[in-house]
>>> print(open('coords15.cif').read())   # mmCIF, C-alpha atoms
data_start
#
loop_
_atom_site.label_atom_id
_atom_site.label_comp_id
_atom_site.auth_asym_id
_atom_site.auth_seq_id
_atom_site.Cartn_x
_atom_site.Cartn_y
_atom_site.Cartn_z
CA MET A 28 298.85 128.05 121.97
CA LEU A 29 295.52 126.60 120.83
CA ARG A 30 294.15 123.61 122.76
CA VAL A 31 291.60 121.28 121.16
CA LEU A 32 289.74 118.36 122.74
CA HIS A 33 288.55 115.43 120.57
CA THR A 34 285.68 113.22 121.71
CA SER A 35 282.88 111.27 120.04
CA ASP A 36 280.22 108.58 120.36
CA TRP A 37 278.55 109.76 123.53
CA HIS A 38 275.35 107.78 122.79
CA ILE A 39 273.37 109.74 125.36
CA GLY A 40 270.36 107.65 126.40
CA LYS A 41 272.08 104.32 125.82
CA THR A 42 270.73 101.58 128.08
CA LEU A 43 272.43 98.37 129.04
CA PHE A 44 269.68 95.80 128.85
CA SER A 45 267.21 97.09 131.49
CA LYS A 46 269.67 99.54 133.04
CA LYS A 47 269.27 103.25 132.38
CA ARG A 48 272.58 105.10 132.48
CA TYR A 49 271.67 108.75 132.92
CA GLU A 50 273.68 108.97 136.14
CA GLU A 51 276.81 107.78 134.30
CA PHE A 52 276.30 110.31 131.50
CA GLU A 53 275.80 113.10 134.02
CA LYS A 54 279.04 112.16 135.81
CA PHE A 55 280.89 112.07 132.50
CA PHE A 56 279.65 115.53 131.55
CA ASP A 57 280.61 116.90 134.97
CA TRP A 58 284.08 115.41 134.48
CA LEU A 59 284.36 116.79 130.94
CA VAL A 60 283.38 120.32 131.99
CA LYS A 61 285.97 120.12 134.78
CA VAL A 62 288.65 119.03 132.27
CA ILE A 63 287.73 121.84 129.88
CA ARG A 64 287.91 124.36 132.70
CA GLU A 65 291.13 123.09 134.33
CA LYS A 66 293.00 122.42 131.07
CA GLU A 67 291.75 125.68 129.54
CA VAL A 68 290.50 123.99 126.39
CA ASP A 69 289.76 126.38 123.52
CA VAL A 70 287.89 124.11 121.09
CA LEU A 71 285.78 120.99 121.66
CA LEU A 72 285.15 118.56 118.77
CA ILE A 73 282.38 115.94 119.03
CA SER A 74 282.54 113.57 116.05
CA GLY A 75 279.08 112.07 115.82
CA ASP A 76 276.65 109.78 117.63
CA ILE A 77 275.70 112.36 120.21
CA PHE A 78 272.58 110.37 121.03
CA ASP A 79 271.94 106.65 120.93
CA SER A 80 268.62 107.05 119.18
CA THR A 81 267.10 109.29 116.52
CA THR A 82 264.35 110.00 119.06
CA PRO A 83 266.21 110.75 122.31
CA SER A 84 264.27 111.02 125.54
CA ASN A 85 263.60 114.35 127.24
CA LYS A 86 266.12 113.41 129.91
CA ALA A 87 268.81 112.73 127.29
CA LEU A 88 268.09 116.09 125.68
CA ARG A 89 268.30 117.87 129.04
CA LEU A 90 271.71 116.33 129.71
CA TYR A 91 272.93 117.44 126.28
CA TYR A 92 271.77 121.04 126.60
CA SER A 93 272.85 121.30 130.22
CA PHE A 94 276.36 120.28 129.21
CA LEU A 95 276.45 122.81 126.36
CA SER A 96 275.23 125.51 128.72
CA ALA A 97 277.83 124.65 131.36
CA THR A 98 280.62 124.60 128.76
CA SER A 99 279.68 128.07 127.54
CA HIS A 100 280.86 129.39 130.92
CA THR A 101 284.37 127.97 130.52
CA SER A 102 287.42 128.93 128.47
CA CYS A 103 286.03 126.94 125.52
CA LYS A 104 285.33 129.44 122.78
CA LYS A 105 284.08 127.01 120.14
CA ILE A 106 282.21 123.69 120.14
CA ILE A 107 281.81 121.83 116.85
CA ILE A 108 279.31 118.95 116.69
CA THR A 109 278.75 116.60 113.76
CA GLY A 110 275.99 114.05 113.32
CA GLY A 111 276.55 110.30 113.43
CA ASN A 112 274.61 107.37 112.08
CA HIS A 113 272.67 107.03 115.35
CA ASP A 114 271.61 110.69 115.33
CA SER A 115 268.63 112.36 113.75
CA ALA A 116 270.32 114.94 111.55
CA THR A 117 267.23 117.14 111.49
CA SER A 118 266.91 117.11 115.29
CA LEU A 119 270.58 118.04 115.74
CA ASP A 120 270.31 120.82 113.17
CA ALA A 121 267.01 122.25 114.44
CA PRO A 122 268.46 124.58 117.14
CA LYS A 123 271.65 125.46 115.23
CA GLU A 124 270.81 129.17 114.91
CA ILE A 125 270.32 129.47 118.67
CA LEU A 126 273.45 127.43 119.40
CA GLU A 127 275.52 129.60 117.08
CA ALA A 128 274.90 132.45 119.54
CA LEU A 129 276.80 130.34 122.08
CA ASN A 130 279.62 129.67 119.58
CA ILE A 131 278.40 126.13 119.02
CA SER A 132 278.38 124.91 115.40
CA VAL A 133 276.26 121.88 114.52
CA ILE A 134 276.51 119.98 111.23
CA GLY A 135 273.91 117.24 111.51
CA ALA A 136 273.84 116.23 107.85
CA ALA A 137 275.89 116.77 104.71
CA ARG A 138 275.35 120.25 103.26
CA GLU A 139 274.50 121.11 99.69
CA ASN A 140 277.07 123.89 99.84
CA ILE A 141 280.43 122.38 100.80
CA LEU A 142 281.50 125.65 102.40
CA ASP A 143 278.87 125.13 105.09
CA GLU A 144 280.89 122.17 106.40
CA ILE A 145 283.98 124.34 106.88
CA ILE A 146 284.29 126.16 110.21
CA THR A 147 286.95 128.66 111.16
CA VAL A 148 288.03 129.40 114.71
CA ASN A 149 289.30 132.94 115.25
CA ASP A 150 291.08 134.70 118.07
CA LYS A 151 289.81 137.85 119.80
CA VAL A 152 291.00 140.11 117.01
CA GLY A 153 289.50 137.99 114.25
CA LYS A 154 292.67 136.21 113.14
CA THR A 155 292.09 132.61 112.01
CA GLN A 156 293.64 130.09 114.41
CA LEU A 157 292.11 126.84 113.14
CA VAL A 158 290.09 125.53 110.21
CA VAL A 159 287.83 122.50 110.76
CA CYS A 160 286.24 120.40 108.03
CA ALA A 161 283.19 119.22 109.97
CA VAL A 162 282.04 116.24 107.90
CA PRO A 163 279.07 114.41 109.43
CA TYR A 164 278.04 110.84 108.80
CA LEU A 165 277.45 110.59 105.06
CA ARG A 166 274.22 108.78 104.34
CA GLU A 167 274.01 106.69 101.23
CA ARG A 168 271.69 109.16 99.54
CA ASP A 169 274.29 111.91 100.09
CA ILE A 170 277.08 110.21 98.21
CA ARG A 171 275.74 108.07 95.39
CA VAL A 172 273.08 107.75 92.71
CA VAL A 173 271.33 104.41 92.33
CA ASP A 174 271.41 103.06 88.78
CA ALA A 175 269.16 100.33 87.43
CA GLY A 176 270.86 96.97 87.11
CA GLU A 177 273.92 97.86 89.16
CA THR A 178 275.79 94.96 90.72
CA LEU A 179 276.91 94.61 94.31
CA GLY A 180 280.42 95.47 93.16
CA ASP A 181 279.15 98.63 91.43
CA LYS A 182 277.39 99.64 94.63
CA ALA A 183 280.48 99.08 96.75
CA GLU A 184 282.64 101.12 94.40
CA LYS A 185 280.14 103.99 94.28
CA LEU A 186 279.86 104.14 98.06
CA LYS A 187 283.61 104.25 98.59
CA ASN A 188 284.13 106.77 95.81
CA GLY A 189 281.30 108.91 97.13
CA VAL A 190 282.88 109.12 100.57
CA LYS A 191 286.33 109.88 99.16
CA GLU A 192 285.02 112.52 96.76
CA HIS A 193 283.07 114.31 99.49
CA TYR A 194 286.07 114.53 101.81
CA ALA A 195 288.30 115.61 98.93
CA ALA A 196 285.88 118.37 97.96
CA VAL A 197 285.58 119.71 101.51
CA VAL A 198 289.34 119.70 102.12
CA SER A 199 290.01 121.32 98.75
CA LYS A 200 287.64 124.18 99.55
CA ALA A 201 289.06 124.51 103.06
CA LYS A 202 292.58 124.92 101.67
CA GLU A 203 291.40 127.86 99.59
CA ILE A 204 290.43 129.78 102.72
CA THR A 205 293.10 128.53 105.15
CA PRO A 206 295.91 131.02 105.75
CA LYS A 207 299.45 129.70 105.62
CA GLY A 208 300.61 128.25 108.91
CA VAL A 209 297.07 127.65 110.22
CA PRO A 210 296.29 124.02 111.20
CA MET A 211 293.46 122.07 109.59
CA ILE A 212 291.44 119.32 111.28
CA VAL A 213 288.98 117.00 109.55
CA MET A 214 286.13 115.52 111.58
CA GLY A 215 284.57 112.33 110.26
CA HIS A 216 282.12 109.62 111.23
CA LEU A 217 283.00 106.52 109.22
CA PHE A 218 284.32 102.97 109.36
CA ALA A 219 288.01 103.00 108.45
CA ALA A 220 289.27 99.82 106.84
CA ASN A 221 291.38 97.65 109.17
CA ALA A 222 290.37 99.67 112.25
CA LEU A 223 289.51 97.83 115.46
CA SER A 224 285.85 97.31 116.23
CA SER A 225 284.33 96.09 119.47
CA GLY A 226 282.06 93.85 117.40
CA ASP A 227 279.02 95.19 119.22
CA ASP A 228 275.69 95.92 117.55
CA SER A 229 275.94 99.53 118.75
CA GLU A 230 278.68 99.91 116.11
CA ARG A 231 276.20 99.15 113.38
CA GLU A 232 277.65 98.99 109.91
CA LEU A 233 277.41 102.44 108.36
CA TYR A 234 276.57 100.99 104.98
CA VAL A 235 275.29 97.62 103.85
CA GLY A 236 277.56 94.84 105.06
CA SER A 237 281.18 96.01 104.87
CA LEU A 238 280.91 97.63 101.46
CA ALA A 239 282.11 101.09 102.42
CA HIS A 240 285.00 100.47 104.77
CA VAL A 241 287.16 103.34 103.57
CA ASP A 242 290.93 103.21 103.54
CA ILE A 243 291.86 106.27 105.57
CA PHE A 244 294.86 106.83 103.31
CA ASP A 245 292.51 107.27 100.34
CA LEU A 246 291.29 110.46 102.02
CA PRO A 247 293.22 113.75 101.68
CA VAL A 248 296.70 113.37 103.17
CA ASP A 249 297.59 117.04 103.61
CA VAL A 250 295.54 117.39 106.80
CA ASP A 251 297.02 117.99 110.26
CA TYR A 252 294.62 115.76 112.23
CA TYR A 253 291.65 113.47 111.60
CA ALA A 254 289.19 113.52 114.52
CA LEU A 255 287.16 110.39 113.86
CA GLY A 256 284.04 108.89 115.37
CA HIS A 257 281.94 105.71 115.05
CA LEU A 258 284.23 103.00 116.44
CA HIS A 259 284.17 102.71 120.23
CA ILE A 260 287.78 101.64 120.77
CA LYS A 261 290.21 104.56 121.06
CA GLN A 262 292.92 103.96 118.48
CA LEU A 263 295.31 105.23 115.86
CA VAL A 264 294.31 104.46 112.28
CA GLY A 265 296.96 102.99 110.02
CA GLY A 266 299.55 103.62 112.72
CA SER A 267 299.28 107.39 112.26
CA GLU A 268 299.47 109.60 115.36
CA TYR A 269 297.33 112.16 113.57
CA LYS A 270 294.43 109.94 112.50
CA ARG A 271 292.50 108.81 115.55
CA TYR A 272 289.23 107.47 116.87
CA SER A 273 288.63 108.85 120.35
CA GLY A 274 286.19 106.02 121.09
CA SER A 275 283.12 106.15 123.30
CA PRO A 276 283.46 107.72 126.77
CA LEU A 277 281.43 104.95 128.41
CA PRO A 278 281.52 101.23 127.59
CA MET A 279 278.54 100.70 125.33
CA SER A 280 278.39 96.98 126.02
CA PHE A 281 279.92 94.38 128.30
CA GLY A 282 282.28 93.59 125.44
CA GLU A 283 283.83 97.02 126.06
CA ALA A 284 283.97 96.61 129.84
CA ALA A 285 287.74 96.05 129.97
CA GLN A 286 288.61 98.93 127.62
CA ASP A 287 290.26 102.10 128.84
CA LYS A 288 288.23 105.13 127.76
CA ALA A 289 289.75 108.51 126.94
CA VAL A 290 289.57 111.83 125.13
CA PHE A 291 292.45 113.30 123.13
CA MET A 292 293.89 116.74 123.82
CA LEU A 293 295.71 118.48 120.96
CA ASP A 294 298.07 121.39 121.58
CA PHE A 295 299.06 123.57 118.63
CA LYS A 296 302.10 125.50 119.88
CA ASP A 297 304.33 128.28 118.59
CA GLY A 298 302.51 128.63 115.29
CA LYS A 299 303.07 124.97 114.41
CA THR A 300 300.41 123.02 112.51
CA ILE A 301 301.47 119.64 113.92
CA PRO A 302 299.82 119.10 117.31
CA GLU A 303 301.22 117.61 120.47
CA ILE A 304 298.71 114.96 121.52
CA ASN A 305 297.92 113.82 125.04
CA GLU A 306 295.45 111.19 126.12
CA LEU A 307 293.21 111.98 129.09
CA GLU A 308 291.80 108.87 130.74
CA ILE A 309 288.10 108.95 131.59
CA PRO A 310 287.19 107.63 135.06
CA VAL A 311 284.98 104.55 135.42
CA PHE A 312 281.59 105.75 136.61
CA GLN A 313 279.93 102.33 136.80
CA ARG A 314 281.95 99.15 136.91
CA LEU A 315 281.02 96.43 134.42
CA GLU A 316 282.24 92.84 134.47
CA LYS A 317 281.83 90.09 131.90
CA ILE A 318 282.23 86.56 133.26
CA SER A 319 282.71 83.64 130.88
CA GLY A 320 283.33 79.95 131.47
CA ASP A 321 281.75 76.82 132.87
CA ILE A 322 279.54 76.93 135.95
CA ASP A 323 282.40 76.43 138.43
CA SER A 324 284.54 79.24 137.01
CA ILE A 325 281.51 81.54 136.88
CA LEU A 326 280.59 80.92 140.52
CA ASN A 327 284.23 81.29 141.62
CA ARG A 328 284.50 84.65 139.89
CA ILE A 329 281.26 85.84 141.46
CA ALA A 330 282.66 84.88 144.88
CA GLU A 331 285.78 86.95 144.15
CA LEU A 332 283.76 90.00 143.07
CA LYS A 333 281.74 89.92 146.28
CA GLY A 334 284.87 90.89 148.16
CA ASP A 335 285.23 94.15 146.21
CA ASN A 336 282.21 95.54 148.05
CA THR A 337 281.25 97.88 145.22
CA SER A 338 278.42 98.18 142.71
CA ILE A 339 279.15 95.98 139.69
CA TRP A 340 276.90 95.22 136.76
CA VAL A 341 277.57 91.72 135.48
CA GLU A 342 277.02 89.79 132.27
CA VAL A 343 277.43 86.03 132.52
CA GLU A 344 278.33 83.96 129.47
CA TYR A 345 278.11 80.21 129.98
CA THR A 346 280.48 78.29 127.69
CA GLY A 347 280.42 74.90 129.38
CA ARG A 348 279.97 71.74 127.39
CA GLU A 349 277.00 70.41 129.33
CA ILE A 350 273.46 71.75 129.28
CA CYS A 351 272.92 73.73 132.48
CA SER A 352 269.16 74.03 132.80
CA ASP A 353 269.21 75.84 136.16
CA LEU A 354 271.99 78.29 135.22
CA LYS A 355 269.99 81.42 136.02
CA ASN A 356 268.84 80.08 139.37
CA GLN A 357 272.38 79.22 140.46
CA ILE A 358 273.63 82.66 139.51
CA GLU A 359 270.73 84.46 141.19
CA GLN A 360 271.43 82.57 144.41
CA ALA A 361 275.15 83.38 144.19
CA VAL A 362 274.57 87.16 143.99
CA THR A 363 271.86 87.39 146.64
CA ASN A 364 272.63 90.06 149.27
CA THR A 365 275.58 91.45 147.28
CA GLN A 366 276.20 94.61 145.25
CA LEU A 367 276.45 92.51 142.11
CA ASP A 368 273.63 93.13 139.64
CA VAL A 369 273.35 90.52 136.88
CA CYS A 370 272.09 92.21 133.72
CA ARG A 371 272.15 89.20 131.44
CA VAL A 372 272.84 85.49 131.52
CA ARG A 373 273.86 84.12 128.15
CA ASN A 374 273.96 80.39 127.55
CA ASN A 375 276.28 79.85 124.59
CA THR A 376 275.71 76.12 124.68
CA GLY A 377 272.06 76.87 124.05
CA LEU A 378 272.90 79.25 121.24
CA GLU A 379 274.24 76.33 119.26
CA LEU A 380 270.77 74.79 119.26
CA SER A 381 267.87 75.78 117.04
CA LEU A 382 265.45 78.56 117.99
CA THR A 383 262.88 75.99 119.02
CA GLN A 384 265.35 74.17 121.24
CA ILE A 385 266.47 77.45 122.79
CA ALA A 386 262.93 78.37 123.73
CA GLN A 387 262.08 74.92 125.07
CA ASP A 388 265.29 73.66 126.65
CA CYS A 389 267.54 76.57 127.53
CA ASP A 390 265.18 79.24 128.77
CA ILE A 391 266.90 81.93 126.67
CA GLU A 392 264.75 84.88 125.67
CA LEU A 393 264.68 86.14 122.10
CA ALA A 394 265.59 89.62 123.37
CA GLU A 395 268.98 88.26 124.44
CA LEU A 396 269.96 87.68 120.79
CA ASP A 397 270.82 90.41 118.31
CA HIS A 398 268.76 90.56 115.13
CA SER A 399 271.56 89.34 112.85
CA ARG A 400 272.10 86.23 114.93
CA VAL A 401 268.38 85.40 114.87
CA PHE A 402 268.31 85.71 111.08
CA GLU A 403 271.36 83.45 110.71
CA MET A 404 269.75 80.88 112.97
CA CYS A 405 266.60 80.98 110.84
CA LEU A 406 268.74 80.23 107.78
CA ASP A 407 270.33 77.32 109.63
CA GLU A 408 266.94 76.05 110.73
CA HIS A 409 265.79 75.93 107.11
CA GLU A 410 269.10 74.37 106.04
CA LEU A 411 269.95 77.20 103.67
CA SER A 412 273.58 77.69 102.75
CA GLY A 413 275.93 78.70 99.96
CA ALA A 414 274.91 81.27 97.37
CA GLN A 415 271.26 81.27 98.43
CA ALA A 416 272.11 82.04 102.05
CA ALA A 417 274.59 84.73 101.00
CA GLU A 418 271.98 86.44 98.81
CA LEU A 419 269.37 86.36 101.58
CA LYS A 420 271.87 87.82 104.07
CA GLU A 421 272.66 90.65 101.67
CA LEU A 422 268.97 91.44 101.12
CA TYR A 423 268.36 91.32 104.87
CA SER A 424 271.31 93.69 105.45
CA GLN A 425 269.85 96.16 102.96
CA VAL A 426 266.48 96.15 104.75
CA VAL A 427 268.09 96.66 108.17
CA HIS A 428 270.33 99.39 106.75
CA LYS A 429 267.35 101.34 105.39
CA ILE A 430 265.61 101.10 108.77
CA PHE A 431 268.65 102.35 110.69
CA GLU A 432 269.41 105.13 108.22
CA SER A 433 265.90 106.58 108.15
CA ASP A 434 265.53 109.91 109.94
CA PHE A 435 262.05 109.63 111.39
CA ASN A 436 262.16 113.24 112.59
CA ALA A 437 262.60 114.61 109.06
CA GLU A 438 259.66 116.27 107.35
#
>>> encode(input="coords15.cif", output="structure tokens")
Amino acid sequence: MLRVLHTSDWHIGKTLFSKKRYEEFEKFFDWLVKVIREKEVDVLLISGDIFDSTTPSNKALRLYYSFLSATSHTSCKKIIITGGNHDSATSLDAPKEILEALNISVIGAARENILDEIITVNDKVGKTQLVVCAVPYLRERDIRVVDAGETLGDKAEKLKNGVKEHYAAVVSKAKEITPKGVPMIVMGHLFAANALSSGDDSERELYVGSLAHVDIFDLPVDVDYYALGHLHIKQLVGGSEYKRYSGSPLPMSFGEAAQDKAVFMLDFKDGKTIPEINELEIPVFQRLEKISGDIDSILNRIAELKGDNTSIWVEVEYTGREICSDLKNQIEQAVTNTQLDVCRVRNNTGLELSLTQIAQDCDIELAELDHSRVFEMCLDEHELSGAQAAELKELYSQVVHKIFESDFNAE
């Protein structure tokens, strides 16, 4: 039997407003090493977004390498890591020669030679047990050529076709070297059409707007399992048991606080290429709670949480109809001398006002709004709508996309 573990979207270094989360990441890695050891996992797949930033902190890097070192002393004989849109491809790839000595393969960016994205896993006598198409996040420059005068529709079609053609080429080459009866897994970091998103900014669009949401069934069908990353909700894609997002191991925002987090364990038994799949639930290492409602319901919920007598990070979202000018003060008083730590207070009534009104009347800081919302509010403030607003949003999306896609560590 061959046992494979599928995980993704670690986002090491991710903060939650002012809260650093290194302790949570360390606990997750300790748990994951324990699972690998106790379940005797043979292969670990990590499908992108290893880090939350293209310039991870020294502490984030230490956690990453400490985990890889610890895993090398377990039954795991192969780790395969692909880059995501949050990662610096060049930083991930930099130590790949050293990591190969530990049986760790890293594909940070798309390779010029397709064969370099195909990894075989062999047994002790050199017999192939598994073939993995390790496709990283495909940057726009990897999959399309920009032509003068192209329309938005042309761009969308080129992006989608570029993604499909790359996957088709990798799988086609992999089939040439895959012995009969050996399973094939495709790793990917993309936004599958109709998949569930948490709607959080940490799931930034991979390409401008929603142009390149790829129908998973447009990708090669003769594959035994798709190990996907990018979306933080664990899920099947298109109802298929064998096309899955593992999701993030930690909630990346308060919007994910109620989600169950997991990794997927695949067992290939008795020479079969179809895996048996089990879900392993990840423990909660730091409890998060999102409270929404009017002031009475918010204060009542805070009173209930006090009785749990445990550390809870809280986000408060005020949705009452009346302006509550002392909202923050009331909440601060309610959590005094408790283990509740309020990370953010969001006044949605205030969000319906203009930026000027927010600053003057609602005491909401600009940092509490995501960049897209601020831009939309600027459009509203200048009374721009219709085709003009749509064009400005598209241009803004392109600028933001270029910023997020830039690899500042590349030379």
>>> resolve_selection(input="coords15.cif", expression="the PyMOL selection byres ((chain A and resi 344-348) around 9)", output="list in words")
Lys317, Ile318, Ser319, Gly320, Asp321, Ile322, Ile325, Glu342, Val343, Glu349, Ile350, Cys351, Leu354, Arg371, Val372, Arg373, Asn374, Asn375 and Thr376 of chain A
>>> residues_around(input="coords15.cif", residues="range 272-289 of chain A", least_positions_apart="3", cutoff="7 Å", atoms="only C-alpha atoms", output="JSON, numbers by chain")
{"A": [33, 34, 35, 36, 37, 43, 225, 254, 255, 256, 258, 259, 260, 261, 262, 263, 306, 307, 308, 309, 315, 316, 317, 342]}
>>> axis_aligned_box(input="coords15.cif", around="range 276-282 of chain A", padding_each_side="5 Å", output="JSON")
{"center_x": 280.9, "center_y": 100.7, "center_z": 126.9, "size_x": 15.1, "size_y": 24.1, "size_z": 13.1}
>>> resolve_selection(input="coords15.cif", expression="the PyMOL selection byres ((chain A and resi 113) around 8)", output="PyMOL selection string")
chain A and resi 38+76-81+111-112+114-115+431
>>> atom_distance(input="coords15.cif", atom1="CA of Thr147 in chain A", atom2="CA of Arg89 in chain A")
28.0 Å
>>> residues_around(input="coords15.cif", residues="range 129-132 of chain A", least_positions_apart="4", cutoff="9 Å", atoms="only C-alpha atoms", output="number ranges by chain")
A: 95-96, 99, 104-109, 123-125, 146
>>> resolve_selection(input="coords15.cif", expression="the PyMOL selection byres ((chain A and resi 210-219) around 8)", output="NGL selection string")
:A and (72 or 74-75 or 109-112 or 156-165 or 198 or 205 or 208-209 or 220-222 or 232-233 or 239-243 or 250-258 or 264 or 295 or 299-301)
>>> atom_distance(input="coords15.cif", atom1="CA of Val68 in chain A", atom2="CA of Val133 in chain A")
18.7 Å
>>> residues_near_point(input="coords15.cif", point="(271.6, 108.7, 131.5)", cutoff="9 Å", atoms="only C-alpha atoms", output="ChimeraX atom specification")
/A:39-42,47-53,86-87,90
>>> closest_residue(input="coords15.cif", among="A:Ser352, A:Thr365, A:Ser224, A:Gln357", to="Ile339 in chain A", atoms="all atoms listed in the file")
A:Thr365
>>> atom_distance(input="coords15.cif", atom1="CA of Arg168 in chain A", atom2="CA of Leu422 in chain A")
18.0 Å
>>> closest_residue(input="coords15.cif", among="A:Pro206, A:Phe244, A:Asn364, A:Leu29", to="Lys154 in chain A", atoms="all atoms listed in the file")
A:Pro206
>>> closest_residue(input="coords15.cif", among="A:Asp245, A:Lys420, A:Lys200, A:Arg64", to="Met404 in chain A", atoms="only C-alpha atoms")
A:Lys420
>>> closest_residue(input="coords15.cif", among="A:Ser424, A:Leu119, A:Ala196, A:Leu293", to="Tyr91 in chain A", atoms="all atoms listed in the file")
A:Leu119
>>> closest_residue(input="coords15.cif", among="A:Val401, A:Cys103, A:Val369, A:Leu406", to="Ser338 in chain A", atoms="only C-alpha atoms")
A:Val369
>>> residues_around(input="coords15.cif", residues="Glu192 in chain A", least_positions_apart="6", cutoff="12 Å", atoms="only C-alpha atoms", output="list in words")
Ile141, Leu165, Asp169, Ile170, Arg171, Glu184, Lys185, Leu186, Val198, Ser199, Val241, Asp245, Leu246 and Pro247 of chain A
>>> build_atoms(input="coords15.cif", residues="range 117-135 of chain A", atoms="N, CA and C atoms", output="PDB file, in the frame of the given file")
ATOM      1  N   THR A 117     268.140 115.996 111.416  1.00  0.00           N
ATOM      2  CA  THR A 117     267.230 117.140 111.490  1.00  0.00           C
ATOM      3  C   THR A 117     267.057 117.615 112.926  1.00  0.00           C
ATOM      4  N   SER A 118     267.040 116.710 113.882  1.00  0.00           N
ATOM      5  CA  SER A 118     266.910 117.110 115.290  1.00  0.00           C
ATOM      6  C   SER A 118     268.156 117.847 115.766  1.00  0.00           C
ATOM      7  N   LEU A 119     269.343 117.348 115.358  1.00  0.00           N
ATOM      8  CA  LEU A 119     270.580 118.040 115.740  1.00  0.00           C
ATOM      9  C   LEU A 119     270.624 119.437 115.136  1.00  0.00           C
ATOM     10  N   ASP A 120     270.216 119.545 113.877  1.00  0.00           N
ATOM     11  CA  ASP A 120     270.310 120.820 113.170  1.00  0.00           C
ATOM     12  C   ASP A 120     269.257 121.838 113.607  1.00  0.00           C
ATOM     13  N   ALA A 121     268.149 121.365 114.162  1.00  0.00           N
ATOM     14  CA  ALA A 121     267.010 122.250 114.440  1.00  0.00           C
ATOM     15  C   ALA A 121     267.378 123.501 115.244  1.00  0.00           C
ATOM     16  N   PRO A 122     268.158 123.378 116.351  1.00  0.00           N
ATOM     17  CA  PRO A 122     268.460 124.580 117.140  1.00  0.00           C
ATOM     18  C   PRO A 122     269.768 125.261 116.753  1.00  0.00           C
ATOM     19  N   LYS A 123     270.297 124.991 115.556  1.00  0.00           N
ATOM     20  CA  LYS A 123     271.650 125.460 115.230  1.00  0.00           C
ATOM     21  C   LYS A 123     271.783 126.975 115.251  1.00  0.00           C
ATOM     22  N   GLU A 124     270.722 127.708 114.873  1.00  0.00           N
ATOM     23  CA  GLU A 124     270.810 129.170 114.910  1.00  0.00           C
ATOM     24  C   GLU A 124     270.963 129.679 116.334  1.00  0.00           C
ATOM     25  N   ILE A 125     270.217 129.073 117.258  1.00  0.00           N
ATOM     26  CA  ILE A 125     270.320 129.470 118.670  1.00  0.00           C
ATOM     27  C   ILE A 125     271.693 129.097 119.218  1.00  0.00           C
ATOM     28  N   LEU A 126     272.155 127.882 118.887  1.00  0.00           N
ATOM     29  CA  LEU A 126     273.450 127.430 119.400  1.00  0.00           C
ATOM     30  C   LEU A 126     274.596 128.260 118.856  1.00  0.00           C
ATOM     31  N   GLU A 127     274.463 128.756 117.641  1.00  0.00           N
ATOM     32  CA  GLU A 127     275.520 129.600 117.080  1.00  0.00           C
ATOM     33  C   GLU A 127     275.779 130.822 117.955  1.00  0.00           C
ATOM     34  N   ALA A 128     274.730 131.305 118.640  1.00  0.00           N
ATOM     35  CA  ALA A 128     274.900 132.450 119.540  1.00  0.00           C
ATOM     36  C   ALA A 128     275.796 132.107 120.717  1.00  0.00           C
ATOM     37  N   LEU A 129     275.915 130.805 121.008  1.00  0.00           N
ATOM     38  CA  LEU A 129     276.800 130.340 122.080  1.00  0.00           C
ATOM     39  C   LEU A 129     278.121 129.829 121.522  1.00  0.00           C
ATOM     40  N   ASN A 130     278.403 130.129 120.257  1.00  0.00           N
ATOM     41  CA  ASN A 130     279.620 129.670 119.580  1.00  0.00           C
ATOM     42  C   ASN A 130     279.676 128.149 119.463  1.00  0.00           C
ATOM     43  N   ILE A 131     278.517 127.578 119.224  1.00  0.00           N
ATOM     44  CA  ILE A 131     278.400 126.130 119.020  1.00  0.00           C
ATOM     45  C   ILE A 131     277.923 125.895 117.590  1.00  0.00           C
ATOM     46  N   SER A 132     278.735 125.214 116.787  1.00  0.00           N
ATOM     47  CA  SER A 132     278.380 124.910 115.400  1.00  0.00           C
ATOM     48  C   SER A 132     277.949 123.455 115.293  1.00  0.00           C
ATOM     49  N   VAL A 133     276.805 123.238 114.665  1.00  0.00           N
ATOM     50  CA  VAL A 133     276.260 121.880 114.520  1.00  0.00           C
ATOM     51  C   VAL A 133     276.093 121.577 113.039  1.00  0.00           C
ATOM     52  N   ILE A 134     276.679 120.464 112.603  1.00  0.00           N
ATOM     53  CA  ILE A 134     276.510 119.980 111.230  1.00  0.00           C
ATOM     54  C   ILE A 134     275.906 118.579 111.338  1.00  0.00           C
ATOM     55  N   GLY A 135     274.582 118.518 111.323  1.00  0.00           N
ATOM     56  CA  GLY A 135     273.910 117.240 111.510  1.00  0.00           C
ATOM     57  C   GLY A 135     273.951 116.351 110.284  1.00  0.00           C
TER      58      GLY A 135
END
